[in-house]
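> Structure file coords-v4.pdb (PDB, C-alpha atoms and all ligand atoms) is given on the next line.
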```pdb
ATOM      1  CA  MET A 300       0.000   0.000   0.000
ATOM      2  CA  ALA A 301       2.773   2.441   0.863
ATOM      3  CA  GLU A 302       4.568   2.216  -2.476
ATOM      4  CA  ARG A 303       2.256   4.106  -4.799
ATOM      5  CA  ASP A 304       2.008   7.291  -6.733
ATOM      6  CA  GLY A 305      -0.621   9.792  -5.706
ATOM      7  CA  VAL A 306      -1.342  12.065  -2.779
ATOM      8  CA  ILE A 307      -2.650  11.741   0.762
ATOM      9  CA  TRP A 308      -4.162  14.610   2.720
ATOM     10  CA  PHE A 309      -2.180  14.907   5.955
ATOM     11  CA  ASP A 310      -3.073  17.557   8.535
ATOM     12  CA  GLY A 311      -4.187  20.090   5.972
ATOM     13  CA  GLU A 312      -1.727  19.457   3.183
ATOM     14  CA  MET A 313      -1.547  17.187   0.179
ATOM     15  CA  VAL A 314       1.535  15.023   0.659
ATOM     16  CA  PRO A 315       3.052  12.650  -1.919
ATOM     17  CA  TRP A 316       1.792   9.122  -1.132
ATOM     18  CA  ARG A 317       5.225   7.703  -0.239
ATOM     19  CA  ASP A 318       6.000  10.619   2.091
ATOM     20  CA  ALA A 319       2.833  10.291   4.202
ATOM     21  CA  GLN A 320       4.700   8.680   7.094
ATOM     22  CA  VAL A 321       4.655   8.626  10.893
ATOM     23  CA  HIS A 322       7.176   7.712  13.591
ATOM     24  CA  VAL A 323       7.296   4.220  15.184
ATOM     25  CA  LEU A 324       6.385   5.829  18.515
ATOM     26  CA  THR A 325       3.051   7.011  17.121
ATOM     27  CA  HIS A 326       0.715   6.616  20.082
ATOM     28  CA  THR A 327      -2.205   5.065  18.201
ATOM     29  CA  LEU A 328       0.099   2.402  16.805
ATOM     30  CA  HIS A 329       0.769   1.275  20.378
ATOM     31  CA  TYR A 330      -2.660   1.475  21.966
ATOM     32  CA  GLY A 331      -5.167   1.534  19.097
ATOM     33  CA  MET A 332      -6.953   4.692  20.172
ATOM     34  CA  GLY A 333      -8.001   6.363  16.968
ATOM     35  CA  VAL A 334     -11.092   6.804  14.824
ATOM     36  CA  PHE A 335     -11.663   6.299  11.146
ATOM     37  CA  GLU A 336     -14.174   6.077   8.347
ATOM     38  CA  GLY A 337     -14.609   4.099   5.160
ATOM     39  CA  LEU A 338     -16.602   5.551   2.286
ATOM     40  CA  ARG A 339     -17.001   4.944  -1.384
ATOM     41  CA  ALA A 340     -16.964   7.268  -4.352
ATOM     42  CA  TYR A 341     -18.842   5.995  -7.395
ATOM     43  CA  LYS A 342     -18.726   6.955 -11.040
ATOM     44  CA  ALA A 343     -22.273   8.286 -11.092
ATOM     45  CA  ASP A 344     -24.068   9.364 -14.261
ATOM     46  CA  GLN A 345     -23.122  13.032 -13.679
ATOM     47  CA  GLY A 346     -19.540  12.387 -12.583
ATOM     48  CA  THR A 347     -17.665  10.914  -9.650
ATOM     49  CA  ALA A 348     -19.390  11.424  -6.307
ATOM     50  CA  ILE A 349     -18.776  10.338  -2.717
ATOM     51  CA  PHE A 350     -21.811   8.596  -1.254
ATOM     52  CA  ARG A 351     -23.159  10.036   2.032
ATOM     53  CA  LEU A 352     -20.021  12.072   2.688
ATOM     54  CA  GLN A 353     -21.648  14.286   5.315
ATOM     55  CA  GLU A 354     -22.997  11.312   7.284
ATOM     56  CA  HIS A 355     -19.574   9.661   7.341
ATOM     57  CA  THR A 356     -17.905  12.878   8.453
ATOM     58  CA  ASP A 357     -20.561  13.287  11.139
ATOM     59  CA  ARG A 358     -19.891   9.738  12.373
ATOM     60  CA  LEU A 359     -16.136  10.398  12.424
ATOM     61  CA  PHE A 360     -16.771  13.352  14.747
ATOM     62  CA  ARG A 361     -19.169  11.314  16.901
ATOM     63  CA  SER A 362     -16.563   8.553  17.180
ATOM     64  CA  ALA A 363     -13.948  11.130  18.239
ATOM     65  CA  HIS A 364     -16.374  12.615  20.747
ATOM     66  CA  ILE A 365     -16.974   9.192  22.305
ATOM     67  CA  LEU A 366     -13.213   8.644  22.631
ATOM     68  CA  ASN A 367     -12.722  12.210  23.816
ATOM     69  CA  MET A 368     -10.368  13.042  20.937
ATOM     70  CA  GLN A 369     -10.333  16.618  19.685
ATOM     71  CA  ILE A 370     -10.121  16.710  15.896
ATOM     72  CA  ARG A 371      -8.236  19.866  14.876
ATOM     73  CA  PHE A 372     -10.232  20.459  11.696
ATOM     74  CA  ASP A 373     -13.879  21.276  11.200
ATOM     75  CA  LYS A 374     -16.351  19.221   9.212
ATOM     76  CA  PRO A 375     -16.367  21.385   6.040
ATOM     77  CA  THR A 376     -12.562  21.139   5.902
ATOM     78  CA  LEU A 377     -12.641  17.353   6.162
ATOM     79  CA  ASN A 378     -15.448  17.093   3.596
ATOM     80  CA  ALA A 379     -13.387  19.206   1.204
ATOM     81  CA  ALA A 380     -10.287  17.112   1.931
ATOM     82  CA  GLN A 381     -12.104  13.873   1.061
ATOM     83  CA  LEU A 382     -13.408  15.287  -2.210
ATOM     84  CA  ALA A 383      -9.967  16.680  -3.053
ATOM     85  CA  VAL A 384      -8.224  13.363  -2.387
ATOM     86  CA  VAL A 385     -10.484  11.525  -4.837
ATOM     87  CA  ARG A 386     -10.131  14.316  -7.397
ATOM     88  CA  GLU A 387      -6.385  14.846  -7.103
ATOM     89  CA  ASN A 388      -5.663  11.124  -7.350
ATOM     90  CA  GLY A 389      -7.673  11.060 -10.580
ATOM     91  CA  LEU A 390      -9.971   8.316  -9.273
ATOM     92  CA  GLU A 391     -13.271   7.637 -11.028
ATOM     93  CA  SER A 392     -14.405   5.364  -8.237
ATOM     94  CA  ALA A 393     -12.681   4.898  -4.914
ATOM     95  CA  TYR A 394     -12.652   3.764  -1.341
ATOM     96  CA  VAL A 395     -11.926   6.738   0.917
ATOM     97  CA  ARG A 396     -10.252   6.385   4.294
ATOM     98  CA  PRO A 397     -10.134   9.309   6.744
ATOM     99  CA  MET A 398      -8.436   8.554  10.045
ATOM    100  CA  CYS A 399      -7.626  10.539  13.187
ATOM    101  CA  PHE A 400      -4.838   9.323  15.427
ATOM    102  CA  TYR A 401      -2.608  10.410  18.273
ATOM    103  CA  GLY A 402       0.920  11.295  17.211
ATOM    104  CA  ALA A 403       4.371  10.544  18.574
ATOM    105  CA  GLU A 404       4.494  13.617  20.848
ATOM    106  CA  GLY A 405       4.488  11.424  23.949
ATOM    107  CA  MET A 406       3.816   7.996  25.373
ATOM    108  CA  GLY A 407       1.708   6.808  28.283
ATOM    109  CA  LEU A 408      -1.985   6.219  28.660
ATOM    110  CA  ARG A 409      -2.800   9.629  30.072
ATOM    111  CA  ALA A 410      -2.547  10.970  26.514
ATOM    112  CA  ASP A 411      -2.509  14.541  27.800
ATOM    113  CA  ASN A 412       0.466  15.683  25.727
ATOM    114  CA  LEU A 413      -0.604  14.430  22.332
ATOM    115  CA  GLN A 414      -1.815  15.961  19.125
ATOM    116  CA  VAL A 415      -4.616  14.521  17.064
ATOM    117  CA  HIS A 416      -3.508  14.091  13.476
ATOM    118  CA  THR A 417      -5.793  13.504  10.539
ATOM    119  CA  ILE A 418      -5.210  11.820   7.212
ATOM    120  CA  VAL A 419      -7.415  11.094   4.224
ATOM    121  CA  ALA A 420      -6.358   8.519   1.634
ATOM    122  CA  ALA A 421      -8.251   7.065  -1.312
ATOM    123  CA  TRP A 422      -7.669   4.201  -3.704
ATOM    124  CA  GLU A 423      -9.526   1.947  -6.088
ATOM    125  CA  TRP A 424     -11.177  -1.035  -4.423
ATOM    126  CA  GLY A 425     -13.480  -3.559  -6.105
ATOM    127  CA  SER A 426     -16.186  -5.640  -4.433
ATOM    128  CA  TYR A 427     -15.058  -6.170  -0.844
ATOM    129  CA  LEU A 428     -16.335  -9.750  -0.620
ATOM    130  CA  GLY A 429     -15.726 -10.616  -4.279
ATOM    131  CA  ALA A 430     -17.759 -10.169  -7.463
ATOM    132  CA  GLU A 431     -18.982 -13.768  -7.297
ATOM    133  CA  GLY A 432     -20.179 -13.306  -3.723
ATOM    134  CA  MET A 433     -22.261 -10.301  -4.795
ATOM    135  CA  GLU A 434     -24.171 -12.498  -7.205
ATOM    136  CA  LYS A 435     -24.213 -15.923  -5.618
ATOM    137  CA  GLY A 436     -23.964 -15.036  -1.949
ATOM    138  CA  ILE A 437     -21.221 -15.780   0.551
ATOM    139  CA  ARG A 438     -20.719 -18.562   3.099
ATOM    140  CA  ILE A 439     -20.239 -17.487   6.693
ATOM    141  CA  ARG A 440     -19.680 -19.055  10.107
ATOM    142  CA  THR A 441     -20.670 -18.045  13.589
ATOM    143  CA  SER A 442     -17.522 -16.708  15.171
ATOM    144  CA  SER A 443     -15.991 -18.246  18.255
ATOM    145  CA  PHE A 444     -15.101 -14.652  19.173
ATOM    146  CA  THR A 445     -17.817 -12.663  20.942
ATOM    147  CA  ARG A 446     -18.548  -9.117  19.765
ATOM    148  CA  HIS A 447     -17.549  -6.336  22.128
ATOM    149  CA  HIS A 448     -19.565  -5.829  25.255
ATOM    150  CA  VAL A 449     -21.102  -2.356  25.238
ATOM    151  CA  ASN A 450     -19.360  -1.408  28.449
ATOM    152  CA  VAL A 451     -15.981  -2.749  27.404
ATOM    153  CA  THR A 452     -15.618  -1.080  24.037
ATOM    154  CA  MET A 453     -17.605   1.823  22.708
ATOM    155  CA  CYS A 454     -19.411   0.215  19.797
ATOM    156  CA  ARG A 455     -20.949   3.439  18.464
ATOM    157  CA  ALA A 456     -17.426   4.620  17.747
ATOM    158  CA  LYS A 457     -15.692   3.426  14.619
ATOM    159  CA  ALA A 458     -12.491   3.131  16.583
ATOM    160  CA  ASN A 459      -9.234   1.575  15.399
ATOM    161  CA  GLY A 460      -8.817  -0.741  18.390
ATOM    162  CA  ASN A 461     -12.301  -2.222  17.919
ATOM    163  CA  TYR A 462     -11.031  -3.955  14.810
ATOM    164  CA  MET A 463      -8.762  -6.407  16.597
ATOM    165  CA  ASN A 464     -11.911  -8.350  17.460
ATOM    166  CA  SER A 465     -13.107  -8.068  13.836
ATOM    167  CA  MET A 466      -9.810  -9.289  12.444
ATOM    168  CA  MET A 467      -9.621 -12.293  14.736
ATOM    169  CA  ALA A 468     -13.159 -13.280  13.748
ATOM    170  CA  LEU A 469     -12.522 -12.786  10.030
ATOM    171  CA  GLN A 470      -9.186 -14.597  10.063
ATOM    172  CA  GLU A 471     -10.746 -17.548  11.880
ATOM    173  CA  ALA A 472     -13.599 -17.695   9.334
ATOM    174  CA  VAL A 473     -11.265 -17.468   6.347
ATOM    175  CA  ARG A 474      -8.900 -20.065   7.801
ATOM    176  CA  ASP A 475     -11.864 -22.427   8.111
ATOM    177  CA  GLY A 476     -12.840 -21.866   4.487
ATOM    178  CA  TYR A 477     -15.623 -19.301   4.942
ATOM    179  CA  ASP A 478     -15.915 -15.840   3.439
ATOM    180  CA  GLU A 479     -16.888 -13.913   6.549
ATOM    181  CA  ALA A 480     -17.779 -14.250  10.239
ATOM    182  CA  LEU A 481     -21.037 -13.587  12.040
ATOM    183  CA  LEU A 482     -20.396 -12.281  15.544
ATOM    184  CA  LEU A 483     -22.757 -12.775  18.481
ATOM    185  CA  ASP A 484     -22.959 -10.499  21.494
ATOM    186  CA  VAL A 485     -22.206 -11.559  25.070
ATOM    187  CA  ASP A 486     -25.780 -12.813  25.425
ATOM    188  CA  GLY A 487     -25.548 -14.885  22.256
ATOM    189  CA  PHE A 488     -27.592 -12.621  19.981
ATOM    190  CA  VAL A 489     -26.538 -11.805  16.434
ATOM    191  CA  THR A 490     -24.721  -8.488  16.067
ATOM    192  CA  GLU A 491     -22.869  -8.050  12.765
ATOM    193  CA  GLY A 492     -20.071  -9.259  10.521
ATOM    194  CA  SER A 493     -16.457  -8.249  11.031
ATOM    195  CA  GLY A 494     -17.086  -5.096   8.987
ATOM    196  CA  GLU A 495     -20.756  -5.223   7.963
ATOM    197  CA  ASN A 496     -24.235  -4.906   9.435
ATOM    198  CA  PHE A 497     -26.540  -7.892   9.213
ATOM    199  CA  PHE A 498     -30.083  -8.317   7.843
ATOM    200  CA  LEU A 499     -32.410 -11.256   7.368
ATOM    201  CA  VAL A 500     -35.690 -11.674   5.526
ATOM    202  CA  ARG A 501     -38.509 -13.946   6.653
ATOM    203  CA  ASN A 502     -42.030 -14.079   5.228
ATOM    204  CA  GLY A 503     -41.452 -10.797   3.421
ATOM    205  CA  VAL A 504     -40.424  -8.888   6.579
ATOM    206  CA  ILE A 505     -36.895  -7.510   6.911
ATOM    207  CA  TYR A 506     -35.134  -7.812  10.268
ATOM    208  CA  THR A 507     -31.883  -6.325  11.530
ATOM    209  CA  PRO A 508     -30.319  -6.414  15.010
ATOM    210  CA  GLU A 509     -30.927  -3.471  17.308
ATOM    211  CA  LEU A 510     -27.920  -1.204  17.631
ATOM    212  CA  THR A 511     -26.231  -2.300  20.787
ATOM    213  CA  SER A 512     -22.835  -3.745  20.011
ATOM    214  CA  ALA A 513     -23.170  -3.331  16.228
ATOM    215  CA  LEU A 514     -21.863  -0.224  14.484
ATOM    216  CA  GLU A 515     -24.462   2.351  13.446
ATOM    217  CA  GLY A 516     -23.871   1.599   9.778
ATOM    218  CA  ILE A 517     -24.612   4.209   7.167
ATOM    219  CA  THR A 518     -25.393   1.543   4.570
ATOM    220  CA  ARG A 519     -27.720  -0.027   7.130
ATOM    221  CA  ASP A 520     -29.525   3.304   7.321
ATOM    222  CA  THR A 521     -29.631   3.566   3.513
ATOM    223  CA  ILE A 522     -31.157   0.083   3.279
ATOM    224  CA  LEU A 523     -33.728   0.944   5.958
ATOM    225  CA  HIS A 524     -34.804   3.935   3.833
ATOM    226  CA  LEU A 525     -34.862   1.897   0.619
ATOM    227  CA  ALA A 526     -36.730  -1.037   2.123
ATOM    228  CA  ARG A 527     -39.419   1.218   3.569
ATOM    229  CA  ASP A 528     -39.732   3.064   0.244
ATOM    230  CA  LEU A 529     -40.238  -0.290  -1.458
ATOM    231  CA  GLY A 530     -43.065  -1.047   0.970
ATOM    232  CA  TYR A 531     -41.322  -3.594   3.175
ATOM    233  CA  GLU A 532     -41.947  -3.817   6.869
ATOM    234  CA  VAL A 533     -38.614  -3.491   8.681
ATOM    235  CA  ARG A 534     -38.078  -4.502  12.277
ATOM    236  CA  GLU A 535     -35.059  -3.887  14.480
ATOM    237  CA  LYS A 536     -34.913  -6.597  17.115
ATOM    238  CA  ARG A 537     -32.736  -9.151  18.857
ATOM    239  CA  ILE A 538     -31.985 -12.023  16.488
ATOM    240  CA  THR A 539     -30.791 -15.521  17.412
ATOM    241  CA  ARG A 540     -28.499 -17.656  15.282
ATOM    242  CA  ASP A 541     -31.208 -20.261  14.710
ATOM    243  CA  GLU A 542     -33.460 -17.529  13.327
ATOM    244  CA  VAL A 543     -30.764 -17.040  10.720
ATOM    245  CA  TYR A 544     -30.653 -20.780   9.952
ATOM    246  CA  VAL A 545     -34.380 -20.692   9.098
ATOM    247  CA  ALA A 546     -34.441 -17.290   7.395
ATOM    248  CA  ASP A 547     -35.583 -17.018   3.781
ATOM    249  CA  GLU A 548     -32.707 -14.673   2.965
ATOM    250  CA  ALA A 549     -29.836 -12.902   4.678
ATOM    251  CA  PHE A 550     -27.380 -10.219   3.643
ATOM    252  CA  PHE A 551     -24.625  -7.956   4.913
ATOM    253  CA  THR A 552     -24.386  -4.208   4.337
ATOM    254  CA  GLY A 553     -21.432  -1.844   4.509
ATOM    255  CA  SER A 554     -19.758   0.934   2.600
ATOM    256  CA  ALA A 555     -17.094  -1.546   1.500
ATOM    257  CA  ALA A 556     -19.337  -4.646   1.340
ATOM    258  CA  GLU A 557     -22.288  -2.715  -0.178
ATOM    259  CA  VAL A 558     -25.160  -5.257  -0.192
ATOM    260  CA  THR A 559     -23.675  -8.762  -0.052
ATOM    261  CA  PRO A 560     -26.029 -11.763  -0.026
ATOM    262  CA  ILE A 561     -25.344 -14.578   2.459
ATOM    263  CA  ARG A 562     -26.164 -18.047   1.199
ATOM    264  CA  GLU A 563     -24.986 -20.204   4.077
ATOM    265  CA  LEU A 564     -24.368 -19.998   7.822
ATOM    266  CA  ASP A 565     -22.524 -22.786   9.663
ATOM    267  CA  GLY A 566     -23.036 -25.263   6.814
ATOM    268  CA  ARG A 567     -26.786 -24.619   6.641
ATOM    269  CA  ALA A 568     -28.212 -23.156   3.441
ATOM    270  CA  ILE A 569     -30.213 -19.990   4.005
ATOM    271  CA  GLY A 570     -33.488 -20.186   2.068
ATOM    272  CA  SER A 571     -32.779 -21.796  -1.271
ATOM    273  CA  GLY A 572     -29.033 -21.251  -0.882
ATOM    274  CA  ILE A 573     -28.774 -18.521  -3.512
ATOM    275  CA  ARG A 574     -29.208 -14.737  -3.524
ATOM    276  CA  GLY A 575     -32.866 -14.179  -2.596
ATOM    277  CA  PRO A 576     -35.294 -11.905  -4.482
ATOM    278  CA  VAL A 577     -35.576  -9.266  -1.730
ATOM    279  CA  THR A 578     -31.788  -9.086  -1.413
ATOM    280  CA  GLU A 579     -31.450  -8.818  -5.177
ATOM    281  CA  GLN A 580     -34.022  -6.017  -5.318
ATOM    282  CA  LEU A 581     -32.358  -4.053  -2.505
ATOM    283  CA  GLN A 582     -28.938  -4.602  -4.039
ATOM    284  CA  ARG A 583     -30.168  -3.296  -7.413
ATOM    285  CA  HIS A 584     -31.792  -0.233  -5.837
ATOM    286  CA  TYR A 585     -28.697   0.398  -3.731
ATOM    287  CA  PHE A 586     -26.507   0.487  -6.826
ATOM    288  CA  ASP A 587     -29.003   2.762  -8.606
ATOM    289  CA  LEU A 588     -28.973   5.058  -5.617
ATOM    290  CA  VAL A 589     -25.193   5.336  -5.244
ATOM    291  CA  HIS A 590     -24.951   6.065  -8.958
ATOM    292  CA  GLY A 591     -27.374   8.990  -8.637
ATOM    293  CA  ARG A 592     -30.314   7.341 -10.380
ATOM    294  CA  VAL A 593     -32.849   7.712  -7.556
ATOM    295  CA  ASP A 594     -34.199  11.292  -7.543
ATOM    296  CA  LYS A 595     -35.255  11.219  -3.909
ATOM    297  CA  TYR A 596     -31.688  10.658  -2.720
ATOM    298  CA  THR A 597     -29.486  12.614  -5.115
ATOM    299  CA  ASP A 598     -28.566  14.850  -2.134
ATOM    300  CA  TRP A 599     -26.617  11.896  -0.768
ATOM    301  CA  LEU A 600     -24.047  12.278  -3.541
ATOM    302  CA  ALA A 601     -21.226  14.792  -3.175
ATOM    303  CA  TYR A 602     -19.581  15.359  -6.553
ATOM    304  CA  VAL A 603     -15.813  15.655  -6.507
ATOM    305  CA  LYS A 604     -15.750  18.349  -9.237
TER     306      LYS A 604
HETATM  307  N1  LIG A 701     -20.024  -2.860  11.215
HETATM  308  C1  LIG A 701     -18.698  -2.730  11.261
HETATM  309  C2  LIG A 701     -17.956  -3.367  12.367
HETATM  310  C3  LIG A 701     -18.022  -2.015  10.265
HETATM  311  O1  LIG A 701     -16.701  -1.896  10.302
HETATM  312  C4  LIG A 701     -18.751  -1.441   9.208
HETATM  313  C5  LIG A 701     -18.043  -0.695   8.127
HETATM  314  N2  LIG A 701     -17.843   0.650   8.477
HETATM  315  C6  LIG A 701     -20.141  -1.598   9.208
HETATM  316  C7  LIG A 701     -20.746  -2.306  10.233
HETATM  317  C8  LIG A 701     -20.982  -0.967   8.132
HETATM  318  O2  LIG A 701     -20.999   0.427   8.296
HETATM  319  P1  LIG A 701     -21.162   1.404   7.056
HETATM  320  O3  LIG A 701     -22.381   0.949   6.342
HETATM  321  O4  LIG A 701     -21.321   2.741   7.661
HETATM  322  O5  LIG A 701     -19.957   1.278   6.213
END
```
Here is the file; what I need is its structure written in the form of structure tokens.


Amino acid sequence: MAERDGVIWFDGEMVPWRDAQVHVLTHTLHYGMGVFEGLRAYKADQGTAIFRLQEHTDRLFRSAHILNMQIRFDKPTLNAAQLAVVRENGLESAYVRPMCFYGAEGMGLRADNLQVHTIVAAWEWGSYLGAEGMEKGIRIRTSSFTRHHVNVTMCRAKANGNYMNSMMALQEAVRDGYDEALLLDVDGFVTEGSGENFFLVRNGVIYTPELTSALEGITRDTILHLARDLGYEVREKRITRDEVYVADEAFFTGSAAEVTPIRELDGRAIGSGIRGPVTEQLQRHYFDLVHGRVDKYTDWLAYVK
């Protein structure tokens, strides 16, 4: 990743990609206290646009607030930085990664002598869980790792350190031949994937876990809007793993994962074991929406030029 041409926005300046470096004593590298975002820019019909930029920037600031980090830039500056990074790297479509971290000004957990630094990078990134998975659905396993407890880690924050749990779950799933993990909370209820929110469909009703230890996903919110517009009843509730086994359909959502169908959990086919019709419909509408083809939501696109 480090050896590329292009530019990265670093504390207010565009820096050549290879020069966007930090010291080994960077505080966040040691303790994982930082916040970040992941967004996509799409080649929409009227040009390249970042999808739900403002909402992602708002969540970045909420995450920082939860961790008590003071971001040194305001929201308009960071919105402009994200648009500029896509534009100046000449990307037609992109994954955008803003991150705020503590620098190498000091060590120790008190963190009272540190500066908060901010970067924004962007690069091309295809389907997160593979093009085939988008069409046929992915195979997942229930993770042996429990999702964070709400009073151990702040799950509303998209915080760097939270992802150690995600990575262990994903690596376990991949090692065992699955595409992704499904994490349960401390009480055994379904929460989310390692980097995606979870949905299931049964008898035409769409269900998704309540937001306790799952991230408040922006794609989740987009799908809630879309599903209601399409006339579906949507319920947020506690979901058990056996409810997933007997679901008609299931899918993951995320800025990276978009809408990814799930065809199997723990060796049990979900529904008919292929992408279901509701998932397919939502997926199609989601792609129309991010490409600026749904009039009601064109405000969700921020054009880079
Ligand atoms: N849960 C987790 C743990 C995630 O990392 C992500 C990706 N940000 C999501 C859910 C989906 O969130 P969003 O739709 O905002 O990308």

> Rank nothing, just name the residue among A:Arg446, A:Arg501, A:Lys536, A:Arg361 nearest to Met466 of chain A, using all atoms listed in the file.

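Checking each of A:Arg446, A:Arg501, A:Lys536, A:Arg361 against Met466 of chain A, counting all atoms listed in the file, the winner is A:Arg446.
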
> I would like the residues chosen by the PyMOL selection byres (((chain A and resi 450-460) around 8) and not hetatm) on the shown file; could you give them as a list in words?

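After applying the PyMOL selection byres (((chain A and resi 450-460) around 8) and not hetatm), what remains is Tyr330, Gly331, Met332, Gly333, Val334, Phe335, Glu336, Arg358, Leu359, Arg361, Ser362, Ala363, Ile365, Leu366, His447, His448, Val449, Asn461, Tyr462, Met463, Thr511, Ser512, Ala513, Leu514 and Glu515 of chain A.
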
> Restricting the calculation to all atoms listed in the file: of A:Pro560, A:Val385, A:Glu354, A:Thr376, which residue gets closest to Asp598 of chain A?

A:Glu354

> Taking only C-alpha atoms and all ligand atoms into account, which residues have an atom no farther than 6 Å from ligand LIG 701 (chain A)? I'd like them as a ChimeraX atom specification.

/A:337,493-496,513-514,516-519,552-554

> Just so the selection is clear, what residues does the PyMOL selection byres (((chain A and resi 375) around 12) and not hetatm) cover here, as an NGL selection string?

:A and (352-353 or 356-357 or 360 or 372-374 or 376-382)

> Evaluating the PyMOL selection byres (((chain A and resi 427-434) around 9) and not hetatm) on the displayed file yields which residues, as a PDB file with C-alpha atoms, keeping the file's coordinate frame?


```pdb
ATOM      1  CA  TRP A 424     -11.177  -1.035  -4.423  1.00  0.00           C
ATOM      2  CA  GLY A 425     -13.480  -3.559  -6.105  1.00  0.00           C
ATOM      3  CA  SER A 426     -16.186  -5.640  -4.433  1.00  0.00           C
ATOM      4  CA  LYS A 435     -24.213 -15.923  -5.618  1.00  0.00           C
ATOM      5  CA  GLY A 436     -23.964 -15.036  -1.949  1.00  0.00           C
ATOM      6  CA  ILE A 437     -21.221 -15.780   0.551  1.00  0.00           C
ATOM      7  CA  ARG A 438     -20.719 -18.562   3.099  1.00  0.00           C
ATOM      8  CA  ASP A 478     -15.915 -15.840   3.439  1.00  0.00           C
ATOM      9  CA  GLU A 479     -16.888 -13.913   6.549  1.00  0.00           C
ATOM     10  CA  ALA A 555     -17.094  -1.546   1.500  1.00  0.00           C
ATOM     11  CA  ALA A 556     -19.337  -4.646   1.340  1.00  0.00           C
ATOM     12  CA  GLU A 557     -22.288  -2.715  -0.178  1.00  0.00           C
ATOM     13  CA  VAL A 558     -25.160  -5.257  -0.192  1.00  0.00           C
ATOM     14  CA  THR A 559     -23.675  -8.762  -0.052  1.00  0.00           C
ATOM     15  CA  PRO A 560     -26.029 -11.763  -0.026  1.00  0.00           C
ATOM     16  CA  ILE A 561     -25.344 -14.578   2.459  1.00  0.00           C
ATOM     17  CA  ILE A 573     -28.774 -18.521  -3.512  1.00  0.00           C
ATOM     18  CA  ARG A 574     -29.208 -14.737  -3.524  1.00  0.00           C
ATOM     19  CA  GLU A 579     -31.450  -8.818  -5.177  1.00  0.00           C
ATOM     20  CA  GLN A 582     -28.938  -4.602  -4.039  1.00  0.00           C
TER      21      GLN A 582
END
```

> Have a look at A:His326, A:His524, A:Lys342, A:Arg474 and name the one nearest to Cys399 of chain A; count all atoms listed in the file.

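When distances to Cys399 of chain A are compared using all atoms listed in the file, the smallest one comes from A:His326.
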
> With a distance cut-off of 9 Å and all atoms listed in the file, select the neighbouring residues of Phe498 of chain A, excluding the residue or stretch itself and same-chain residues fewer than 5 positions from it, and output the selection as a VMD selection string.

chain A and resid 491 505 to 508 519 548 to 552

> Got a sec: who's within 9 Å of Ala546 of chain A, counting all atoms listed in the file, leaving out chain neighbours fewer than 5 positions off, as a list in words?

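With the cut-off at 9 Å, the set is Leu499, Val500, Arg501, Asn502, Asp541, Ile569 and Gly570 of chain A.
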
> Can you work out the spacing between atom CA of Leu481 of chain A and atom CA of Glu563 of chain A in Å, to one decimal?

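So the answer is 11.1 Å.
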
> Have a look at atom CA of Ile439 of chain A and atom CA of Val504 of chain A and let me know their distance in Å, one decimal.

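For atom CA of Ile439 of chain A relative to atom CA of Val504 of chain A, the distance reads 21.9 Å.
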
> Excluding Ala340 of chain A and residues on its chain fewer than 5 positions from it, collect all residues at most 9 Å away from it, counting all atoms listed in the file, and give them as a VMD selection string.

chain A and resid 347 to 350 385 390 to 395 589 600 to 603

> With only C-alpha atoms as the atoms that count, which of A:Ala420, A:Leu529, A:Leu469, A:Leu581 lies nearest to Arg339 of chain A?

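Of A:Ala420, A:Leu529, A:Leu469, A:Leu581, the one nearest Arg339 of chain A is A:Ala420, counting only C-alpha atoms.
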
> Find the residue from A:Gly346, A:Arg351, A:Phe309, A:Tyr531 that sits nearest to Lys604 of chain A; use all atoms listed in the file when measuring.

A:Gly346

> Report the distance between atom CA of Phe400 of chain A and atom CA of Val415 of chain A in Å, rounded to one decimal place.

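Those two atoms sit 5.5 Å apart.
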
> Between A:Val593, A:Glu387, A:Arg537, A:Arg396, which is the closest to Asp486 of chain A once you count only C-alpha atoms?

A:Arg537
